[in-house]
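Novice: For reference, the structure I am asking about is given below.
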Amino acid sequence: MTPRPEPQDKLFPATLVGSMPQPDWLIDRQKLAGRYPPRVRARELWRVAEPFLAEAQDDATLIAIRAQEAAGLDIVTDGEIRRESYSNLFATALDGVDLDNPGTALDRSGHPTPVPRVIGPIRRRHAVGVRDLEFLRRNTVRRIKATVPGPFTMSQQAQIDHYGGSREKAAMDYAAAVNAEIRDLFAAGADIVQIDEPYMQARPDDARVYGLAALNRAFEGVRGTTAVHICFGYAALGHARHSAYSFLSELAGCNCSQVSLETAQPDLDCSILETLAGKRILLGVIELGSHQVETPEVVASRIRRALPYVAPENVMVAPDCGMKYLPREVAAGKLKAMVAGAAIVRAEKN
């Protein structure tokens, strides 16, 4: 398909953070929701046998693309349908990781969980998400976004037996791998590439020491529109909820174009957005801890909260985080409400 350029000056364009719900016929959603996101591969979650899995994932990805288009999103993703979690597919595709003997690390809630065990230099041996990006490009005329796990987050979601145990050194090699991936994704047709860095909020002290340097290494020399997503974790999994970010203003020093953050669930004091001058804000306006579908008016009110602190032309709208744990019909309803809410405020500004 030939991409249809959207007007770059459209106020409040709508997009996803990354994921859409996967169909029950594709993945065991009950098992998926009954555990924290896997850091190592979790092939037991898939309901479709391996010889047919890739085709089934392609079919489910088409469903996710069409659902986004039907809701009116301006920028679409592949819904991360082929992933067991946002990070494990990429993190387990790298050299230097012992996949047969996982390690252990604490997740952001303080629970031990199996993680990749780093036993040698981390290197990207091949492109991981390019085939999926090319599939997305072929199947929509809208602008498209790809997502990649962040180097700081991956360094926290691993047992570091190499590098003298230094997560900082590991993060910089993760960053080089992410950098190579981002370059390939743009070359394959991505309009936006987003790095997911939820652990910057969970572990702000370490993030201040080396997280920003790792992020900037990941973006080094990259040409294209880039984003960083930072959040409080999946609301559906019962993470402790917060009303303020412990790491956010620091992203003013990140060499990215956009910052994606939650404002709906935490009822965020949007005055903090003034500290991100120069960044376009992906404003989280859909709360994911509830199956109640917002009204367009509620969405509009959440957008208006940010406007004293961010120019309208620098605001995009999105859900707070990935939508993978929502029922499909709920996700569709929330996306339609998001688009309708953005239209209300757009009419007020035009």
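Chains: A, B, ... in order of the structure tokens. Residues: from 1 per chain. Ligands: from 1, in order shown.
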How close does region 98-128 of chain A get to region 178-181 of chain A? List, as a tab-separated table, each residue of region 98-128 of chain A within 8 Å, its nearest atom pair and the distance in Å to one decimal, counting only C-alpha atoms.

Specialist:
residue	atom	partner	partner_atom	distance
A:Arg124	CA	A:Ala180	CA	7.7
A:Ala127	CA	A:Glu181	CA	6.0
A:Val128	CA	A:Glu181	CA	7.2

Novice: Using DSSP on the backbone coordinates, identify the residues of region 103-300 of chain A assigned to strand (DSSP E); present them as a PyMOL selection string.

Specialist: chain A and resi 103-106+112-124+143-149+159-160+192-196+225-229+258-262+280-286

Novice: Would you give me, as CSV, each residue of region 46-81 of chain A having an atom within 9 Å of an atom of region 17-40 of chain A, along with its shortest atom pair and that distance in Å to one decimal, using only C-alpha atoms and sorting by chain and residue number?

Specialist:
residue,atom,partner,partner_atom,distance
A:Trp46,CA,A:Ile27,CA,4.4
A:Arg47,CA,A:Ile27,CA,5.2
A:Val48,CA,A:Leu26,CA,6.1
A:Leu53,CA,A:Leu26,CA,8.3
A:Ala56,CA,A:Leu26,CA,7.0
A:Gln57,CA,A:Leu26,CA,7.3
A:Ala60,CA,A:Pro23,CA,7.0
A:Thr61,CA,A:Gln22,CA,8.5
A:Ala64,CA,A:Met20,CA,6.5
A:Gln68,CA,A:Met20,CA,8.9
A:Val76,CA,A:Gly18,CA,8.5
A:Thr77,CA,A:Gly18,CA,6.2
A:Asp78,CA,A:Ser19,CA,7.6
A:Gly79,CA,A:Ser19,CA,4.2
A:Glu80,CA,A:Ser19,CA,5.0
A:Ile81,CA,A:Gln22,CA,5.8

Novice: For Ile281 (chain A), which of A:Val315, A:Ala306, A:Val293, A:Ala213 is the closest residue, counting only C-alpha atoms?

Specialist: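 Using only C-alpha atoms, Ile281 (chain A) sits closest to A:Val315.
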
Novice: Set the distance at 9 Å and use only C-alpha atoms: which residues neighbour Leu335 (chain A) once local chain neighbours fewer than 3 positions away are removed? I'd like the list as a PyMOL selection string.

Specialist: chain A and resi 14-16+68+71-73+286+293+318-319+330-332+338-340

Novice: Okay, now the selection with C-alpha atoms, as a compact mmCIF listing (two decimals), in the first residue's frame?

Specialist:
# COMPACT_ATOMS: atom_id res chain seq x y z
CA ALA A 14 -4.42 9.65 17.98
CA THR A 15 -2.18 6.64 18.32
CA LEU A 16 -1.37 3.67 20.54
CA GLN A 68 -7.24 0.74 14.90
CA ALA A 71 -11.51 3.52 15.61
CA GLY A 72 -9.99 6.40 13.63
CA LEU A 73 -6.39 6.29 14.82
CA ILE A 286 -7.39 6.34 28.47
CA VAL A 293 -15.35 2.81 28.50
CA ALA A 318 -2.95 7.75 23.35
CA PRO A 319 -3.96 5.24 26.00
CA VAL A 330 -13.49 -2.75 25.61
CA ALA A 331 -10.29 -1.73 23.85
CA ALA A 332 -12.25 -0.88 20.69
CA MET A 338 -10.37 8.65 22.57
CA VAL A 339 -10.70 9.72 18.94
CA ALA A 340 -14.07 11.35 19.60
